[in-house]
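Below is the file start.cif, which contains mmCIF, C-alpha atoms (C1' of nucleotides).
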data_work
loop_
_atom_site.group_PDB
_atom_site.id
_atom_site.type_symbol
_atom_site.label_atom_id
_atom_site.label_comp_id
_atom_site.auth_asym_id
_atom_site.auth_seq_id
_atom_site.Cartn_x
_atom_site.Cartn_y
_atom_site.Cartn_z
ATOM 1 C CA MET P 1 -55.623 10.241 75.878
ATOM 2 C CA ALA P 2 -52.699 11.790 74.123
ATOM 3 C CA THR P 3 -53.403 15.265 75.400
ATOM 4 C CA GLN P 4 -51.329 16.705 72.617
ATOM 5 C CA TRP P 5 -49.555 15.473 69.518
ATOM 6 C CA ASP P 6 -45.847 15.075 69.119
ATOM 7 C CA GLY P 7 -45.105 17.257 66.136
ATOM 8 C CA ASP P 8 -42.195 15.062 65.085
ATOM 9 C CA ILE P 9 -44.343 11.997 64.518
ATOM 10 C CA PRO P 10 -47.242 11.757 62.066
ATOM 11 C CA ILE P 11 -50.584 11.794 63.806
ATOM 12 C CA TYR P 12 -51.704 8.587 62.179
ATOM 13 C CA VAL P 13 -48.618 6.829 63.529
ATOM 14 C CA GLN P 14 -49.361 8.119 66.994
ATOM 15 C CA LEU P 15 -52.912 6.871 66.677
ATOM 16 C CA TYR P 16 -51.608 3.485 65.587
ATOM 17 C CA GLN P 17 -49.263 3.351 68.573
ATOM 18 C CA GLN P 18 -52.096 4.327 70.858
ATOM 19 C CA VAL P 19 -54.169 1.357 69.740
ATOM 20 C CA ILE P 20 -51.226 -0.991 70.281
ATOM 21 C CA ARG P 21 -50.729 0.393 73.755
ATOM 22 C CA ARG P 22 -54.408 0.104 74.592
ATOM 23 C CA ILE P 23 -54.452 -3.507 73.538
ATOM 24 C CA LEU P 24 -51.450 -4.323 75.694
ATOM 25 C CA ASP P 25 -53.015 -2.452 78.603
ATOM 26 C CA ASP P 26 -56.338 -4.303 78.165
ATOM 27 C CA HIS P 27 -58.201 -1.130 77.417
ATOM 28 C CA LEU P 28 -59.092 -2.642 74.090
ATOM 29 C CA LEU P 29 -60.020 -6.308 74.124
ATOM 30 C CA GLU P 30 -59.851 -8.984 71.461
ATOM 31 C CA GLY P 31 -63.130 -9.252 69.601
ATOM 32 C CA GLU P 32 -64.043 -5.667 70.321
ATOM 33 C CA ALA P 33 -64.581 -3.053 67.645
ATOM 34 C CA LEU P 34 -62.281 -0.100 67.302
ATOM 35 C CA PRO P 35 -63.968 3.250 67.781
ATOM 36 C CA SER P 36 -65.153 4.434 64.374
ATOM 37 C CA VAL P 37 -62.912 6.691 62.339
ATOM 38 C CA ARG P 38 -65.496 9.450 62.540
ATOM 39 C CA LYS P 39 -65.785 9.221 66.283
ATOM 40 C CA VAL P 40 -62.033 9.395 66.783
ATOM 41 C CA ALA P 41 -61.785 12.134 64.197
ATOM 42 C CA SER P 42 -64.339 14.308 65.925
ATOM 43 C CA GLU P 43 -62.853 13.577 69.335
ATOM 44 C CA TYR P 44 -59.429 14.820 68.277
ATOM 45 C CA GLN P 45 -60.491 17.337 65.654
ATOM 46 C CA LEU P 46 -59.031 15.328 62.810
ATOM 47 C CA ASN P 47 -60.017 14.223 59.377
ATOM 48 C CA PRO P 48 -61.543 10.725 59.234
ATOM 49 C CA VAL P 49 -59.067 9.797 56.521
ATOM 50 C CA THR P 50 -56.175 10.492 58.866
ATOM 51 C CA VAL P 51 -57.648 8.068 61.370
ATOM 52 C CA SER P 52 -58.281 5.596 58.589
ATOM 53 C CA LYS P 53 -54.600 5.678 57.730
ATOM 54 C CA ALA P 54 -53.769 4.488 61.221
ATOM 55 C CA TYR P 55 -56.382 1.775 60.932
ATOM 56 C CA GLN P 56 -54.925 0.640 57.639
ATOM 57 C CA MET P 57 -51.593 0.002 59.319
ATOM 58 C CA LEU P 58 -53.382 -2.182 61.826
ATOM 59 C CA GLN P 59 -55.050 -4.131 59.049
ATOM 60 C CA GLU P 60 -51.810 -4.663 57.181
ATOM 61 C CA GLU P 61 -50.331 -6.129 60.340
ATOM 62 C CA GLU P 62 -53.318 -8.418 60.762
ATOM 63 C CA ILE P 63 -54.091 -6.945 64.145
ATOM 64 C CA VAL P 64 -57.512 -5.872 63.073
ATOM 65 C CA GLU P 65 -60.099 -7.238 60.688
ATOM 66 C CA LYS P 66 -62.543 -5.345 58.548
ATOM 67 C CA GLN P 67 -66.230 -6.209 58.429
ATOM 68 C CA ARG P 68 -67.653 -4.251 55.521
ATOM 69 C CA GLY P 69 -70.010 -1.576 56.617
ATOM 70 C CA LYS P 70 -69.647 -2.527 60.263
ATOM 71 C CA GLY P 71 -66.202 -1.531 61.347
ATOM 72 C CA LEU P 72 -62.821 -2.891 62.376
ATOM 73 C CA PHE P 73 -62.517 -5.622 64.963
ATOM 74 C CA ILE P 74 -59.541 -6.735 66.987
ATOM 75 C CA LYS P 75 -58.575 -10.257 66.029
ATOM 76 C CA GLU P 76 -58.415 -13.061 68.540
ATOM 77 C CA GLY P 77 -55.034 -14.026 69.941
ATOM 78 C CA VAL P 78 -53.461 -10.807 68.850
ATOM 79 C CA LYS P 79 -52.370 -9.467 72.205
ATOM 80 C CA LYS P 80 -49.921 -12.291 72.688
ATOM 81 C CA VAL P 81 -48.408 -11.749 69.261
ATOM 82 C CA ILE P 82 -48.057 -8.023 69.781
ATOM 83 C CA LEU P 83 -46.454 -8.493 73.155
ATOM 84 C CA ALA P 84 -43.824 -10.836 71.749
ATOM 85 C CA ARG P 85 -43.146 -8.614 68.781
ATOM 86 C CA GLU P 86 -42.881 -5.429 70.817
ATOM 87 C CA ARG P 87 -40.564 -7.069 73.303
ATOM 88 C CA ILE P 88 -38.143 -8.065 70.592
ATOM 89 C CA ASN P 89 -38.311 -4.675 68.952
ATOM 90 C CA PHE P 90 -37.710 -2.914 72.237
ATOM 91 C CA LEU P 91 -34.830 -5.087 73.338
ATOM 92 C CA GLU P 92 -33.085 -5.046 69.967
ATOM 93 C CA LYS P 93 -33.765 -1.541 68.715
ATOM 94 C CA GLU P 94 -34.769 0.880 71.426
ATOM 95 C CA TRP P 95 -33.096 -0.345 74.586
ATOM 96 C CA PRO P 96 -29.540 -0.418 73.180
ATOM 97 C CA VAL P 97 -29.869 3.226 72.198
ATOM 98 C CA VAL P 98 -31.123 4.074 75.669
ATOM 99 C CA LEU P 99 -28.239 2.193 77.235
ATOM 100 C CA ASP P 100 -25.806 4.135 75.070
ATOM 101 C CA GLN P 101 -27.314 7.390 76.160
ATOM 102 C CA ILE P 102 -27.256 6.345 79.801
ATOM 103 C CA ALA P 103 -23.563 5.556 79.539
ATOM 104 C CA ARG P 104 -22.858 8.810 77.722
ATOM 105 C CA LEU P 105 -24.556 10.779 80.488
ATOM 106 C CA ASN P 106 -22.709 8.871 83.199
ATOM 107 C CA LEU P 107 -25.911 7.525 84.626
ATOM 108 C CA SER P 108 -26.414 4.050 85.982
ATOM 109 C CA ALA P 109 -28.986 1.762 84.421
ATOM 110 C CA GLU P 110 -29.122 -0.240 87.629
ATOM 111 C CA ASP P 111 -29.917 2.835 89.666
ATOM 112 C CA LEU P 112 -32.499 4.085 87.226
ATOM 113 C CA LEU P 113 -34.281 0.762 87.204
ATOM 114 C CA ALA P 114 -34.040 0.380 90.967
ATOM 115 C CA ASP P 115 -35.433 3.828 91.644
ATOM 116 C CA ARG P 116 -38.693 3.292 89.853
ATOM 117 C CA GLN P 117 -41.695 2.968 92.076
ATOM 118 C CA GLY P 118 -44.482 0.500 91.944
ATOM 119 C CA GLY P 119 -42.087 -1.862 90.261
ATOM 120 C CA LYS P 120 -42.660 -5.528 90.865
ATOM 121 C CA MET O 1 -19.831 7.481 61.917
ATOM 122 C CA ALA O 2 -23.482 7.230 61.285
ATOM 123 C CA THR O 3 -23.150 4.609 58.595
ATOM 124 C CA GLN O 4 -26.590 5.410 57.334
ATOM 125 C CA TRP O 5 -29.205 8.051 57.958
ATOM 126 C CA ASP O 6 -32.412 7.528 59.856
ATOM 127 C CA GLY O 7 -35.041 8.467 57.312
ATOM 128 C CA ASP O 8 -37.415 9.674 60.007
ATOM 129 C CA ILE O 9 -35.110 12.441 61.191
ATOM 130 C CA PRO O 10 -33.794 15.324 59.070
ATOM 131 C CA ILE O 11 -30.147 14.863 58.183
ATOM 132 C CA TYR O 12 -29.182 18.229 59.594
ATOM 133 C CA VAL O 13 -30.685 17.247 62.935
ATOM 134 C CA GLN O 14 -28.744 13.999 62.915
ATOM 135 C CA LEU O 15 -25.563 15.913 62.193
ATOM 136 C CA TYR O 16 -26.328 18.215 65.092
ATOM 137 C CA GLN O 17 -26.887 15.256 67.400
ATOM 138 C CA GLN O 18 -23.673 13.684 66.224
ATOM 139 C CA VAL O 19 -21.662 16.719 67.261
ATOM 140 C CA ILE O 20 -23.324 16.720 70.680
ATOM 141 C CA ARG O 21 -22.488 13.069 71.110
ATOM 142 C CA ARG O 22 -18.900 13.551 69.996
ATOM 143 C CA ILE O 23 -18.417 16.329 72.505
ATOM 144 C CA LEU O 24 -19.756 14.207 75.340
ATOM 145 C CA ASP O 25 -17.578 11.306 74.226
ATOM 146 C CA ASP O 26 -14.487 13.541 74.036
ATOM 147 C CA HIS O 27 -14.071 12.965 70.345
ATOM 148 C CA LEU O 28 -14.458 16.686 69.904
ATOM 149 C CA LEU O 29 -12.710 18.858 72.452
ATOM 150 C CA GLU O 30 -13.413 22.350 73.673
ATOM 151 C CA GLY O 31 -11.413 24.882 71.696
ATOM 152 C CA GLU O 32 -11.237 22.640 68.654
ATOM 153 C CA ALA O 33 -12.658 23.571 65.285
ATOM 154 C CA LEU O 34 -15.533 21.665 63.798
ATOM 155 C CA PRO O 35 -14.773 19.988 60.488
ATOM 156 C CA SER O 36 -15.636 22.435 57.728
ATOM 157 C CA VAL O 37 -19.047 22.280 56.125
ATOM 158 C CA ARG O 38 -17.492 21.458 52.790
ATOM 159 C CA LYS O 39 -15.459 18.626 54.234
ATOM 160 C CA VAL O 40 -18.428 17.065 55.995
ATOM 161 C CA ALA O 41 -20.553 17.589 52.906
ATOM 162 C CA SER O 42 -18.122 15.743 50.688
ATOM 163 C CA GLU O 43 -17.560 13.010 53.262
ATOM 164 C CA TYR O 44 -21.260 12.206 53.462
ATOM 165 C CA GLN O 45 -22.227 13.206 49.925
ATOM 166 C CA LEU O 46 -24.330 16.102 51.117
ATOM 167 C CA ASN O 47 -24.886 19.679 50.174
ATOM 168 C CA PRO O 48 -22.842 22.171 52.205
ATOM 169 C CA VAL O 49 -25.997 24.094 52.977
ATOM 170 C CA THR O 50 -27.451 21.066 54.719
ATOM 171 C CA VAL O 51 -24.406 20.821 56.943
ATOM 172 C CA SER O 52 -24.513 24.530 57.593
ATOM 173 C CA LYS O 53 -28.033 24.145 58.863
ATOM 174 C CA ALA O 54 -26.792 21.779 61.561
ATOM 175 C CA TYR O 55 -23.991 24.159 62.465
ATOM 176 C CA GLN O 56 -26.449 27.012 62.796
ATOM 177 C CA MET O 57 -28.344 25.068 65.444
ATOM 178 C CA LEU O 58 -25.116 24.699 67.384
ATOM 179 C CA GLN O 59 -24.460 28.417 67.185
ATOM 180 C CA GLU O 60 -27.941 29.319 68.326
ATOM 181 C CA GLU O 61 -27.377 27.143 71.383
ATOM 182 C CA GLU O 62 -24.041 28.833 72.087
ATOM 183 C CA ILE O 63 -22.224 25.549 71.839
ATOM 184 C CA VAL O 64 -20.043 26.775 69.037
ATOM 185 C CA GLU O 65 -18.579 30.127 68.120
ATOM 186 C CA LYS O 66 -17.902 31.544 64.695
ATOM 187 C CA GLN O 67 -14.542 33.038 63.808
ATOM 188 C CA ARG O 68 -14.988 34.861 60.541
ATOM 189 C CA GLY O 69 -13.138 33.243 57.715
ATOM 190 C CA LYS O 70 -11.667 30.579 59.988
ATOM 191 C CA GLY O 71 -14.443 28.280 61.007
ATOM 192 C CA LEU O 72 -16.576 27.240 63.963
ATOM 193 C CA PHE O 73 -14.954 26.506 67.300
ATOM 194 C CA ILE O 74 -16.308 24.653 70.305
ATOM 195 C CA LYS O 75 -16.675 27.029 73.206
ATOM 196 C CA GLU O 76 -14.900 26.493 76.480
ATOM 197 C CA GLY O 77 -16.893 24.986 79.329
ATOM 198 C CA VAL O 78 -19.559 23.708 77.026
ATOM 199 C CA LYS O 79 -19.270 20.015 77.726
ATOM 200 C CA LYS O 80 -20.366 20.489 81.304
ATOM 201 C CA VAL O 81 -23.376 22.511 80.230
ATOM 202 C CA ILE O 82 -24.404 19.991 77.617
ATOM 203 C CA LEU O 83 -24.043 17.121 80.028
ATOM 204 C CA ALA O 84 -26.305 18.807 82.569
ATOM 205 C CA ARG O 85 -28.844 19.779 79.937
ATOM 206 C CA GLU O 86 -28.951 16.345 78.352
ATOM 207 C CA ARG O 87 -29.292 14.650 81.695
ATOM 208 C CA ILE O 88 -32.326 16.719 82.580
ATOM 209 C CA ASN O 89 -33.872 16.155 79.190
ATOM 210 C CA PHE O 90 -33.274 12.435 79.410
ATOM 211 C CA LEU O 91 -34.584 12.007 82.925
ATOM 212 C CA GLU O 92 -37.647 14.170 82.414
ATOM 213 C CA LYS O 93 -38.638 13.365 78.877
ATOM 214 C CA GLU O 94 -37.144 10.139 77.592
ATOM 215 C CA TRP O 95 -36.742 7.901 80.606
ATOM 216 C CA PRO O 96 -40.379 8.079 81.785
ATOM 217 C CA VAL O 97 -41.504 6.910 78.368
ATOM 218 C CA VAL O 98 -39.015 4.059 78.462
ATOM 219 C CA LEU O 99 -40.181 3.050 81.911
ATOM 220 C CA ASP O 100 -43.772 3.004 80.705
ATOM 221 C CA GLN O 101 -42.848 0.734 77.870
ATOM 222 C CA ILE O 102 -40.838 -1.548 80.137
ATOM 223 C CA ALA O 103 -43.836 -1.931 82.433
ATOM 224 C CA ARG O 104 -46.171 -2.489 79.517
ATOM 225 C CA LEU O 105 -43.963 -5.257 78.162
ATOM 226 C CA ASN O 106 -43.482 -6.857 81.564
ATOM 227 C CA LEU O 107 -39.734 -6.732 81.282
ATOM 228 C CA SER O 108 -37.567 -7.290 84.318
ATOM 229 C CA ALA O 109 -34.279 -5.758 85.340
ATOM 230 C CA GLU O 110 -32.667 -9.094 84.573
ATOM 231 C CA ASP O 111 -33.994 -9.049 81.036
ATOM 232 C CA LEU O 112 -32.611 -5.574 80.521
ATOM 233 C CA LEU O 113 -29.241 -5.855 82.194
ATOM 234 C CA ALA O 114 -28.446 -9.446 81.348
ATOM 235 C CA ASP O 115 -25.750 -9.512 78.707
ATOM 236 C CA ARG O 116 -24.837 -6.032 77.774
ATOM 237 C CA GLN O 117 -21.296 -5.470 76.691
ATOM 238 C CA GLY O 118 -18.753 -2.741 77.376
ATOM 239 C CA GLY O 119 -20.205 -2.152 80.818
ATOM 240 C CA LYS O 120 -17.911 -0.379 83.281
ATOM 241 C "C1'" DG M 1 -2.575 41.146 44.964
ATOM 242 C "C1'" DC M 2 -3.768 36.498 44.535
ATOM 243 C "C1'" DT M 3 -5.367 32.115 45.939
ATOM 244 C "C1'" DA M 4 -7.522 29.010 48.814
ATOM 245 C "C1'" DG M 5 -9.752 28.275 52.749
ATOM 246 C "C1'" DT M 6 -13.670 29.501 56.184
ATOM 247 C "C1'" DG M 7 -19.356 30.105 56.865
ATOM 248 C "C1'" DT M 8 -23.530 32.430 54.912
ATOM 249 C "C1'" DT M 9 -27.057 33.990 51.933
ATOM 250 C "C1'" DA M 10 -30.150 33.893 48.069
ATOM 251 C "C1'" DT M 11 -32.586 31.732 44.462
ATOM 252 C "C1'" DA M 12 -34.649 28.215 42.200
ATOM 253 C "C1'" DC M 13 -36.072 23.657 42.079
ATOM 254 C "C1'" DA M 14 -37.801 18.689 42.805
ATOM 255 C "C1'" DT M 15 -39.657 15.720 45.892
ATOM 256 C "C1'" DC M 16 -42.181 13.917 49.385
ATOM 257 C "C1'" DA M 17 -45.022 13.383 53.663
ATOM 258 C "C1'" DC M 18 -48.835 14.941 55.825
ATOM 259 C "C1'" DC M 19 -53.448 16.164 56.216
ATOM 260 C "C1'" DA M 20 -58.014 17.910 54.857
ATOM 261 C "C1'" DA M 21 -62.184 18.134 51.809
ATOM 262 C "C1'" DT M 22 -65.027 15.611 49.040
ATOM 263 C "C1'" DA M 23 -67.320 11.887 47.127
ATOM 264 C "C1'" DC M 24 -67.941 7.130 46.954
ATOM 265 C "C1'" DA M 25 -69.104 1.956 48.216
ATOM 266 C "C1'" DC M 26 -70.719 -0.859 51.483
ATOM 267 C "C1'" DC M 27 -73.823 -2.721 55.475
ATOM 268 C "C1'" DT M 28 -77.903 -2.538 58.670
ATOM 269 C "C1'" DA M 29 -82.149 -1.199 60.452
ATOM 270 C "C1'" DT M 30 -86.371 0.967 59.899
ATOM 271 C "C1'" DA C 1 -86.284 2.823 49.772
ATOM 272 C "C1'" DT C 2 -84.293 5.677 52.989
ATOM 273 C "C1'" DA C 3 -81.371 7.086 56.569
ATOM 274 C "C1'" DG C 4 -77.459 6.575 59.135
ATOM 275 C "C1'" DG C 5 -73.725 3.938 60.244
ATOM 276 C "C1'" DT C 6 -69.137 1.724 58.545
ATOM 277 C "C1'" DG C 7 -64.116 2.465 55.920
ATOM 278 C "C1'" DT C 8 -61.628 4.562 51.848
ATOM 279 C "C1'" DA C 9 -60.111 6.251 47.117
ATOM 280 C "C1'" DT C 10 -59.151 10.577 45.127
ATOM 281 C "C1'" DT C 11 -57.575 15.001 44.848
ATOM 282 C "C1'" DG C 12 -55.247 19.048 46.150
ATOM 283 C "C1'" DG C 13 -52.698 22.241 49.169
ATOM 284 C "C1'" DT C 14 -49.006 23.107 52.205
ATOM 285 C "C1'" DG C 15 -44.690 22.836 54.314
ATOM 286 C "C1'" DA C 16 -40.296 20.574 55.227
ATOM 287 C "C1'" DT C 17 -36.362 18.670 53.220
ATOM 288 C "C1'" DG C 18 -32.503 18.521 50.475
ATOM 289 C "C1'" DT C 19 -30.050 19.825 46.167
ATOM 290 C "C1'" DA C 20 -27.833 22.845 42.825
ATOM 291 C "C1'" DT C 21 -25.683 27.019 41.809
ATOM 292 C "C1'" DA C 22 -23.870 31.173 42.554
ATOM 293 C "C1'" DA C 23 -22.400 35.033 44.992
ATOM 294 C "C1'" DC C 24 -20.731 37.269 49.147
ATOM 295 C "C1'" DA C 25 -17.568 38.558 53.189
ATOM 296 C "C1'" DC C 26 -14.041 37.304 55.767
ATOM 297 C "C1'" DT C 27 -9.090 35.228 56.975
ATOM 298 C "C1'" DA C 28 -4.594 33.249 56.062
ATOM 299 C "C1'" DG C 29 -0.498 32.328 53.431
ATOM 300 C "C1'" DC C 30 2.247 33.240 49.764
#
Would you kindly transcribe this structure into structure tokens?
Amino acid sequence: MATQWDGDIPIYVQLYQQVIRRILDDHLLEGEALPSVRKVASEYQLNPVTVSKAYQMLQEEEIVEKQRGKGLFIKEGVKKVILARERINFLEKEWPVVLDQIARLNLSAEDLLADRQGGK
Amino acid sequence: MATQWDGDIPIYVQLYQQVIRRILDDHLLEGEALPSVRKVASEYQLNPVTVSKAYQMLQEEEIVEKQRGKGLFIKEGVKKVILARERINFLEKEWPVVLDQIARLNLSAEDLLADRQGGK
DNA sequence: GCTAGTGTTATACATCACCAATACACCTAT
DNA sequence: ATAGGTGTATTGGTGATGTATAACACTAGC
């Protein structure tokens, strides 16, 4: 889905982030298998090892489980954990920086949040 | 002021960003000289060439002007230009990504605006 | 003229992250 | 057993980053 890569971020990190996003968006469901490294690699014109590197991050974080010779599977109950973790990370790390920038640019966070559409 | 460097971003880019921020925050004023490369280098334990690299970016963007043998000086009228440029960049590139993430994490305006400090 | 201050350039160097090519180990089905 | 599907360990190349060192050209003050 990432039409192009952000040259400032390693591709395998972007792939990792994509999986996280797809889990949160219910495009990847718990219990499902990740697309194979070779499939992703051919889809994006990458080396399978590059994809594997992204998948290793997911294993280290216990988001995904390896079944030898079969593939990687999304663990049960993981969406909830990711959601909680990402919320904390966003609120503590990313959002304060954004707020700083908003203030520096003399913009209003209230206005920006109010102006979004489809918000509920 | 950056107590530590963000390992994911080249130091010279962070130095560049710092100058931009200091101009917007009125810590660096139009007409003023930038601190010399050697001073900054010694302050942060860096190589002068690394600092120079940041200063070159500022020259290429016409934010700063070289006076041979004297130093680099912030051009007049530049704050306004930077502010406009940064606003556009923020609204078109950064903010949409932030909004996406906010939606994905089901965060509300209350969550985001609750207890921030220094608000005006 | 001399000295000390500007930024810049050139060279060499070490290090590291990134990514690709290859080969390997494993599982499953036929 | 063979073929085709998993992920991955290894190796090597490339480029970016930052340092070290030195030299250069210019300005300012004495």
Exercise for review: Tell me, as a ChimeraX atom specification, which residues lie within 8 Å of P:Glu110, counting only C-alpha atoms (C1' of nucleotides); anything in the same chain fewer than 2 positions away does not count.
Suggested key: /P:108,112-114 /O:109,113
Review point. Could you list, as JSON, numbers by chain, every residue of chain O that has an atom within 12 Å of an atom of chain P, counting only C-alpha atoms?
Key: {"O": [8, 9, 10, 13, 17, 20, 21, 22, 23, 24, 25, 26, 79, 80, 81, 82, 83, 84, 85, 86, 87, 88, 89, 90, 91, 94, 95, 96, 97, 98, 99, 100, 101, 102, 103, 104, 105, 106, 107, 108, 109, 110, 111, 112, 113, 114, 115, 116, 117, 118, 119, 120]}
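Take the candidates M:DC16, M:DA21, M:DC2, M:DA10 and check each one against chain P using only C-alpha atoms (C1' of nucleotides); the shortest distance goes to M:DA21.
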Review point. Quick one: which residues end up in the PyMOL selection byres ((chain C) within 10 of (chain P)) for this structure, as a list in words?
Key: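 Here the PyMOL selection byres ((chain C) within 10 of (chain P)) matches DG5, DT6, DG7 and DT8 of chain C.
Sharing one sequence, chain P and chain O superpose at an RMSD of 1.2 Å, with all Cα atoms paired in order.
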Hey, could you patch up stretch 77-101 of chain O with N, CA and C atoms and hand it over as an mmCIF file, keeping the file's coordinate frame?
data_model
loop_
_atom_site.group_PDB
_atom_site.id
_atom_site.type_symbol
_atom_site.label_atom_id
_atom_site.label_comp_id
_atom_site.auth_asym_id
_atom_site.auth_seq_id
_atom_site.Cartn_x
_atom_site.Cartn_y
_atom_site.Cartn_z
ATOM 1 N N GLY O 77 -15.944 25.235 78.253
ATOM 2 C CA GLY O 77 -16.893 24.986 79.329
ATOM 3 C C GLY O 77 -18.229 24.429 78.871
ATOM 4 N N VAL O 78 -18.275 24.079 77.604
ATOM 5 C CA VAL O 78 -19.559 23.708 77.026
ATOM 6 C C VAL O 78 -19.947 22.262 77.325
ATOM 7 N N LYS O 79 -18.965 21.422 77.483
ATOM 8 C CA LYS O 79 -19.270 20.015 77.726
ATOM 9 C C LYS O 79 -20.088 19.841 79.004
ATOM 10 N N LYS O 80 -19.676 20.561 80.024
ATOM 11 C CA LYS O 80 -20.366 20.489 81.304
ATOM 12 C C LYS O 80 -21.831 20.914 81.166
ATOM 13 N N VAL O 81 -22.023 21.996 80.427
ATOM 14 C CA VAL O 81 -23.376 22.511 80.230
ATOM 15 C C VAL O 81 -24.237 21.509 79.469
ATOM 16 N N ILE O 82 -23.657 20.962 78.417
ATOM 17 C CA ILE O 82 -24.404 19.991 77.617
ATOM 18 C C ILE O 82 -24.761 18.778 78.438
ATOM 19 N N LEU O 83 -23.798 18.307 79.209
ATOM 20 C CA LEU O 83 -24.043 17.121 80.028
ATOM 21 C C LEU O 83 -25.222 17.350 80.970
ATOM 22 N N ALA O 84 -25.226 18.501 81.629
ATOM 23 C CA ALA O 84 -26.305 18.807 82.569
ATOM 24 C C ALA O 84 -27.646 18.894 81.833
ATOM 25 N N ARG O 85 -27.620 19.587 80.703
ATOM 26 C CA ARG O 85 -28.844 19.779 79.937
ATOM 27 C C ARG O 85 -29.401 18.455 79.433
ATOM 28 N N GLU O 86 -28.515 17.625 78.914
ATOM 29 C CA GLU O 86 -28.951 16.345 78.352
ATOM 30 C C GLU O 86 -29.455 15.393 79.432
ATOM 31 N N ARG O 87 -28.824 15.490 80.590
ATOM 32 C CA ARG O 87 -29.292 14.650 81.695
ATOM 33 C C ARG O 87 -30.726 14.998 82.060
ATOM 34 N N ILE O 88 -30.978 16.291 82.218
ATOM 35 C CA ILE O 88 -32.326 16.719 82.580
ATOM 36 C C ILE O 88 -33.326 16.287 81.517
ATOM 37 N N ASN O 89 -32.964 16.530 80.281
ATOM 38 C CA ASN O 89 -33.872 16.155 79.190
ATOM 39 C C ASN O 89 -34.158 14.657 79.204
ATOM 40 N N PHE O 90 -33.108 13.889 79.407
ATOM 41 C CA PHE O 90 -33.274 12.435 79.410
ATOM 42 C C PHE O 90 -34.155 11.984 80.565
ATOM 43 N N LEU O 91 -33.861 12.471 81.739
ATOM 44 C CA LEU O 91 -34.584 12.007 82.925
ATOM 45 C C LEU O 91 -36.039 12.456 82.927
ATOM 46 N N GLU O 92 -36.284 13.641 82.353
ATOM 47 C CA GLU O 92 -37.647 14.170 82.414
ATOM 48 C C GLU O 92 -38.500 13.785 81.219
ATOM 49 N N LYS O 93 -37.851 13.620 80.071
ATOM 50 C CA LYS O 93 -38.638 13.365 78.877
ATOM 51 C C LYS O 93 -38.519 11.937 78.369
ATOM 52 N N GLU O 94 -37.298 11.443 78.233
ATOM 53 C CA GLU O 94 -37.144 10.139 77.592
ATOM 54 C C GLU O 94 -37.355 8.968 78.535
ATOM 55 N N TRP O 95 -36.713 9.039 79.694
ATOM 56 C CA TRP O 95 -36.742 7.901 80.606
ATOM 57 C C TRP O 95 -38.155 7.508 81.056
ATOM 58 N N PRO O 96 -39.019 8.465 81.384
ATOM 59 C CA PRO O 96 -40.379 8.079 81.785
ATOM 60 C C PRO O 96 -41.096 7.273 80.703
ATOM 61 N N VAL O 97 -40.874 7.642 79.464
ATOM 62 C CA VAL O 97 -41.504 6.910 78.368
ATOM 63 C C VAL O 97 -40.948 5.493 78.300
ATOM 64 N N VAL O 98 -39.657 5.374 78.488
ATOM 65 C CA VAL O 98 -39.015 4.059 78.462
ATOM 66 C C VAL O 98 -39.546 3.197 79.595
ATOM 67 N N LEU O 99 -39.671 3.799 80.762
ATOM 68 C CA LEU O 99 -40.181 3.050 81.911
ATOM 69 C C LEU O 99 -41.601 2.547 81.646
ATOM 70 N N ASP O 100 -42.412 3.406 81.066
ATOM 71 C CA ASP O 100 -43.772 3.004 80.705
ATOM 72 C C ASP O 100 -43.747 1.766 79.820
ATOM 73 N N GLN O 101 -42.911 1.831 78.826
ATOM 74 C CA GLN O 101 -42.848 0.734 77.870
ATOM 75 C C GLN O 101 -42.345 -0.546 78.541
#
